[in-house]
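Okay, structure first, notes after.
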Amino acid sequence: MADEPLVLGIETSCDETGVGIVRGTTLLADAVASSVNDHARFGGVVPEIASRAHLEAMVPTIQRALDTAGIKASDLDGISVTAGPGLAGALLVGVSAAKAYAWALDKPLYGVNHLASHICVDQLEHGRLPEPTMALLVSGGHSSLLLTADITTDVRPLGATIDDAAGEAFDKVARVLGLGFPGGPVVDRRAREGDRKAIHFPRGLTGPKDPEFDFSFSGLKTAVARWVEAKRRAGEEVPVADVAASFQEAVTDVLTRKAVKACQQHGVDHLMIGGGVAANSRLRAMAEQRCERAGIRLRVPRPGLCTDNGAMVAALGAEMVWRNRAPSALDLSADSSLPLTEVSVPGHQHGDVHGEAYRALGS
Amino acid sequence: MLLLAFDTATPAVTAAVHDGTAVLAETYQVDARRHGELLLPAIGRVLAEAGVAKQELTAIAVGVGPGPYTGLRVGLVTAAALGHALGLPVHGVCTLDAIAHQARAEGLTGPFTAATDARRKEVYWADYDADGRRTAGPSVDRPGDLAQRQVSVGAGALLYPEAFPGAHGPEHLSAGALADFAATELAAGRELLENRPLYLRRPDAQVPAGYKAVLPA
Ligand SMILES: [Zn+2]
């Protein structure tokens, strides 16, 4: 197998149609078509609108990625695709497309986990992940601490949110403050003009008897809404920047505190932060400070690679090829609740599954 | 001509290969929830059975609905991706036209209606004249809102006997009929449809749970 496998990755788990092309740990193309504007007026991602947009964008986005990378589809060593978790109908568009390309081009197919891809994308920025690496994944759909011993086979969840994801809390607070959707970038922007010590919002699950590495943002979200509403009812002006900054401080405080603690307890000296919320400027700054103090090497990909994209799926696909992991079979299905311990969806149990699948298909 | 045809707009996952004269091979499985898993293996199987290598294909024909969206999109995105990867033209066929073609091939004459299950107590339907030309539709409606149809085919008709008395098969579409319809139309120099879904309904603009108001009003 190629030393630096050339892999195309497809991501359609939410509202971004992402197609990335990677050679080993080098990013060659990262094409994205987003339907985010079509969802804005609904205050959240509408699954059917996302699925329709994926279908329309699929082939043009693939072509754009191939053009940017300057390669032909026949040059590829494999095709990877997000098999889950995510929106079922949206995932299915990407999985169906990936299977068709893999079959038509006679390339191995890798159905991979969206969350593991969020971790693996850092290889495109900072080279191969040390083993083990602690990963903090924070986005609109997930907030998890993951101990990663081998990014292609062994990702162990240490904790996760018990209610809302961190990104959801950003969306909700943005909505309460009348800042629009999605909330992450706009709250971050407004928070820069605010005083992050202005209001002390609660830090969920940080008591001595609370689960150490789980998160909870629902109470925080409610506290912000109550605080804002109380101001409004009193006829006072809401200090939007201060609320944004204080809310953001509470989120990032809990996230970084628990991430550093997880590293220390498990003797891991590398922390990677991924997912859309990793683009948050305060989270990055606070993580840098706390990691430095604790002697932990921090790895955070650039913001463009933290949000959902095809490059991260290609990065994990390339790693699968490089480590000679088993490909998926062509009856691969999308799994909207794929557990994060399942880094990839292998083919049927024994033997050379892929070869068997192809022989069965007479190609 | 070596045409690969498939359809995922009805509960059937079906694929066929056609050489311009006849259907060389055809597969048909009914499983409304597994279009995504079943389609590509079915395509591989039908080509193997026909003894045709994918590189020998000259065109793809795909049923563009109307049909339930999630399954429908499996067929359309597969057709688009195969067309792109193999450098083949992709022709769209209204799934109801293909069902009508199949009904006529099975001996049905006279004007009739083809109807499939649109769920939510509605049907996708179209009317055809004695020569098999579509005269109305495709549309989506509640069966009770339609004038009663005396002659009808398809699962949508079979489901609602009050609107469609005496409805009969074919229940779902077989891709052989779709392939034959496409081959006939192309041979006659008529254009087929683009590879775009006939949704007929606007998307449900509903954001899933988690966005409720926090405080009571
Ligand atoms: Zn994500």
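The chains in the structure tokens are called A, B, ... from first to last as shown; in each chain the residues are counted from 1, and the ligands are counted from 1 in the order shown.
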Practice item. Dump the neighbourhood of ligand 1 as number ranges by chain: all residues within 8 Å, distances computed on only C-alpha atoms and all ligand atoms. Key: A: 13-14, 114-115, 118, 139-142, 275-276, 307-308
Please produce a file of the residues just selected, as a PDB file, in the first residue's frame, where the atoms kept are N, CA, C and O atoms.
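See out37.pdb below for the written result:
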```
ATOM      1  N   SER A  13     -22.894  14.692   7.565  1.00  0.00           N
ATOM      2  CA  SER A  13     -23.668  14.321   8.750  1.00  0.00           C
ATOM      3  C   SER A  13     -24.620  15.410   9.210  1.00  0.00           C
ATOM      4  O   SER A  13     -25.548  15.151   9.960  1.00  0.00           O
ATOM      5  N   CYS A  14     -24.378  16.660   8.780  1.00  0.00           N
ATOM      6  CA  CYS A  14     -25.266  17.739   9.220  1.00  0.00           C
ATOM      7  C   CYS A  14     -25.590  18.657   8.037  1.00  0.00           C
ATOM      8  O   CYS A  14     -26.163  18.201   7.066  1.00  0.00           O
ATOM      9  N   HIS A 114     -17.716  10.014  12.602  1.00  0.00           N
ATOM     10  CA  HIS A 114     -17.599  11.474  12.521  1.00  0.00           C
ATOM     11  C   HIS A 114     -16.725  12.043  13.647  1.00  0.00           C
ATOM     12  O   HIS A 114     -15.915  12.939  13.425  1.00  0.00           O
ATOM     13  N   LEU A 115     -16.884  11.505  14.848  1.00  0.00           N
ATOM     14  CA  LEU A 115     -16.156  12.055  15.993  1.00  0.00           C
ATOM     15  C   LEU A 115     -14.668  11.732  15.915  1.00  0.00           C
ATOM     16  O   LEU A 115     -13.818  12.585  16.185  1.00  0.00           O
ATOM     17  N   HIS A 118     -13.060  14.092  13.642  1.00  0.00           N
ATOM     18  CA  HIS A 118     -12.775  15.394  14.245  1.00  0.00           C
ATOM     19  C   HIS A 118     -11.420  15.391  14.961  1.00  0.00           C
ATOM     20  O   HIS A 118     -10.749  16.415  15.037  1.00  0.00           O
ATOM     21  N   SER A 139     -18.904  20.613  19.980  1.00  0.00           N
ATOM     22  CA  SER A 139     -19.582  21.172  18.813  1.00  0.00           C
ATOM     23  C   SER A 139     -21.055  21.287  19.118  1.00  0.00           C
ATOM     24  O   SER A 139     -21.483  21.102  20.253  1.00  0.00           O
ATOM     25  N   GLY A 140     -21.830  21.582  18.089  1.00  0.00           N
ATOM     26  CA  GLY A 140     -23.268  21.691  18.267  1.00  0.00           C
ATOM     27  C   GLY A 140     -23.912  20.352  18.568  1.00  0.00           C
ATOM     28  O   GLY A 140     -25.014  20.288  19.106  1.00  0.00           O
ATOM     29  N   GLY A 141     -23.230  19.271  18.217  1.00  0.00           N
ATOM     30  CA  GLY A 141     -23.817  17.953  18.414  1.00  0.00           C
ATOM     31  C   GLY A 141     -23.147  17.132  19.492  1.00  0.00           C
ATOM     32  O   GLY A 141     -23.687  16.135  19.944  1.00  0.00           O
ATOM     33  N   HIS A 142     -21.919  17.528  19.907  1.00  0.00           N
ATOM     34  CA  HIS A 142     -21.218  16.680  20.862  1.00  0.00           C
ATOM     35  C   HIS A 142     -20.336  17.487  21.806  1.00  0.00           C
ATOM     36  O   HIS A 142     -19.866  18.558  21.479  1.00  0.00           O
ATOM     37  N   GLY A 275     -13.805  19.978  16.877  1.00  0.00           N
ATOM     38  CA  GLY A 275     -15.229  20.279  16.799  1.00  0.00           C
ATOM     39  C   GLY A 275     -15.433  21.773  16.621  1.00  0.00           C
ATOM     40  O   GLY A 275     -14.525  22.573  16.876  1.00  0.00           O
ATOM     41  N   GLY A 276     -16.621  22.145  16.203  1.00  0.00           N
ATOM     42  CA  GLY A 276     -16.890  23.539  15.855  1.00  0.00           C
ATOM     43  C   GLY A 276     -16.589  24.530  16.961  1.00  0.00           C
ATOM     44  O   GLY A 276     -16.099  25.636  16.702  1.00  0.00           O
ATOM     45  N   THR A 307     -14.551  22.875  12.301  1.00  0.00           N
ATOM     46  CA  THR A 307     -15.956  22.676  11.938  1.00  0.00           C
ATOM     47  C   THR A 307     -16.052  21.453  11.026  1.00  0.00           C
ATOM     48  O   THR A 307     -15.033  20.929  10.577  1.00  0.00           O
ATOM     49  N   ASP A 308     -17.262  20.981  10.773  1.00  0.00           N
ATOM     50  CA  ASP A 308     -17.439  19.783   9.957  1.00  0.00           C
ATOM     51  C   ASP A 308     -16.888  20.014   8.552  1.00  0.00           C
ATOM     52  O   ASP A 308     -17.175  21.040   7.934  1.00  0.00           O
TER      53      ASP A 308
END
```
**Study point:** Residues of chain A within 8 Å of chain B, counting only C-alpha atoms, as a ChimeraX atom specification
**Key:** /A:42-49,55,58-59,73,89,92-93,95-97,99-101,104-105,172,222,225-226,330-334,360-363
Who sits within 10 Å of Tyr28 of chain B, only C-alpha atoms, same chain under 3 positions skipped, as a compact mmCIF listing (two decimals) with C-alpha atoms, in the first residue's frame:
```txt
# COMPACT_ATOMS: atom_id res chain seq x y z
CA PHE B 6 -32.60 1.52 -11.19
CA ASP B 7 -35.27 3.01 -8.98
CA ALA B 12 -38.82 -1.82 -4.05
CA VAL B 13 -35.09 -1.61 -4.61
CA THR B 14 -34.73 -2.63 -8.21
CA ALA B 15 -32.07 -2.57 -10.92
CA ALA B 16 -31.89 -3.81 -14.50
CA ASP B 31 -37.59 -3.39 1.72
CA LEU B 39 -28.99 -0.67 -4.01
CA ALA B 42 -28.14 -5.05 -6.44
CA VAL B 46 -27.53 -7.37 -12.07
CA HIS B 172 -44.24 -1.37 -7.15
CA LEU B 173 -41.93 -0.69 -10.05
CA SER B 174 -39.52 -3.19 -11.60
CA ALA B 175 -36.46 -1.58 -13.10
CA GLY B 176 -36.80 -3.66 -16.26
```
Check your understanding: Taking only C-alpha atoms into account, which of B:Asp97, B:Asp141, B:Glu56, B:Glu122 comes nearest Ala182 of chain B?
Key ->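 When distances to Ala182 of chain B are compared using only C-alpha atoms, the smallest one comes from B:Asp97.
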Exercise for review: Give the answer as one residue: which of B:Pro165, B:Gly189, B:Pro11, B:Pro170 has the shortest atom-to-atom distance to Glu106 of chain B, using only C-alpha atoms?
Suggested key: B:Pro170
Review point. DSSP says strand (DSSP E) for which residues of segment 118-193 of chain B? Put them as a PyMOL selection string?
Key: chain B and resi 123-128+134-141+152-153
Exercise for review: Can you pull out every residue within 12 Å of Lys72 of chain A, counting only C-alpha atoms, but drop anything in the same chain fewer than 6 positions away, and send it as a ChimeraX atom specification?
Suggested key: /A:6-8,21,62-66,105 /B:84-85
Check your understanding: Hey, which of A:Asp195, A:Asp253, A:Glu11, A:Glu288 ends up closest to Leu91 of chain A? Count only C-alpha atoms.
Key -> A:Glu11
Review point. Near Lys258 of chain A, within 12 Å and counting only C-alpha atoms, which residues show up once chain neighbours fewer than 6 positions away are dropped, as a PyMOL selection string?
Key: chain A and resi 134-136+143-146+158-161+203-207+210-216+251-252+264-265+271+287+290-291
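As for atom CA of Gly65 of chain B and atom CA of Thr116 of chain B, they are spaced 9.7 Å apart.
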Practice item. Determine the nearest neighbour of Leu108 of chain B from the options B:Arg134, B:His168, B:Lys121, B:His91, counting only C-alpha atoms. Key: B:His168
**Study point:** Coordinates-based distance that separates atom CA of Gly183 of chain A from atom CA of Arg233 of chain A (Å, one decimal)
**Key:** 23.6 Å
Review point. Which of these, A:Arg284, A:Ala90, A:Asp154, A:Thr68, has the shortest distance to Ser35 of chain A once you count only C-alpha atoms?
Key: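 Of A:Arg284, A:Ala90, A:Asp154, A:Thr68, the one nearest Ser35 of chain A is A:Ala90, counting only C-alpha atoms.
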Study note, to complete from the structure: Separating atom CA of Glu4 of chain A from atom CA of Arg325 of chain A, to the nearest tenth of an Å, is a gap of 14.7 Å
Review point. With distances taken over only C-alpha atoms, which of B:Leu88, B:Ala115, B:Val93, B:Val64 is nearest to Glu185 of chain B?
Key: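 Distance minimum relative to Glu185 of chain B lands on B:Val93.
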Check your understanding: DSSP on the backbone: what in chain B comes out helix (DSSP H, G or I), as a count of residues only?
Key -> 69
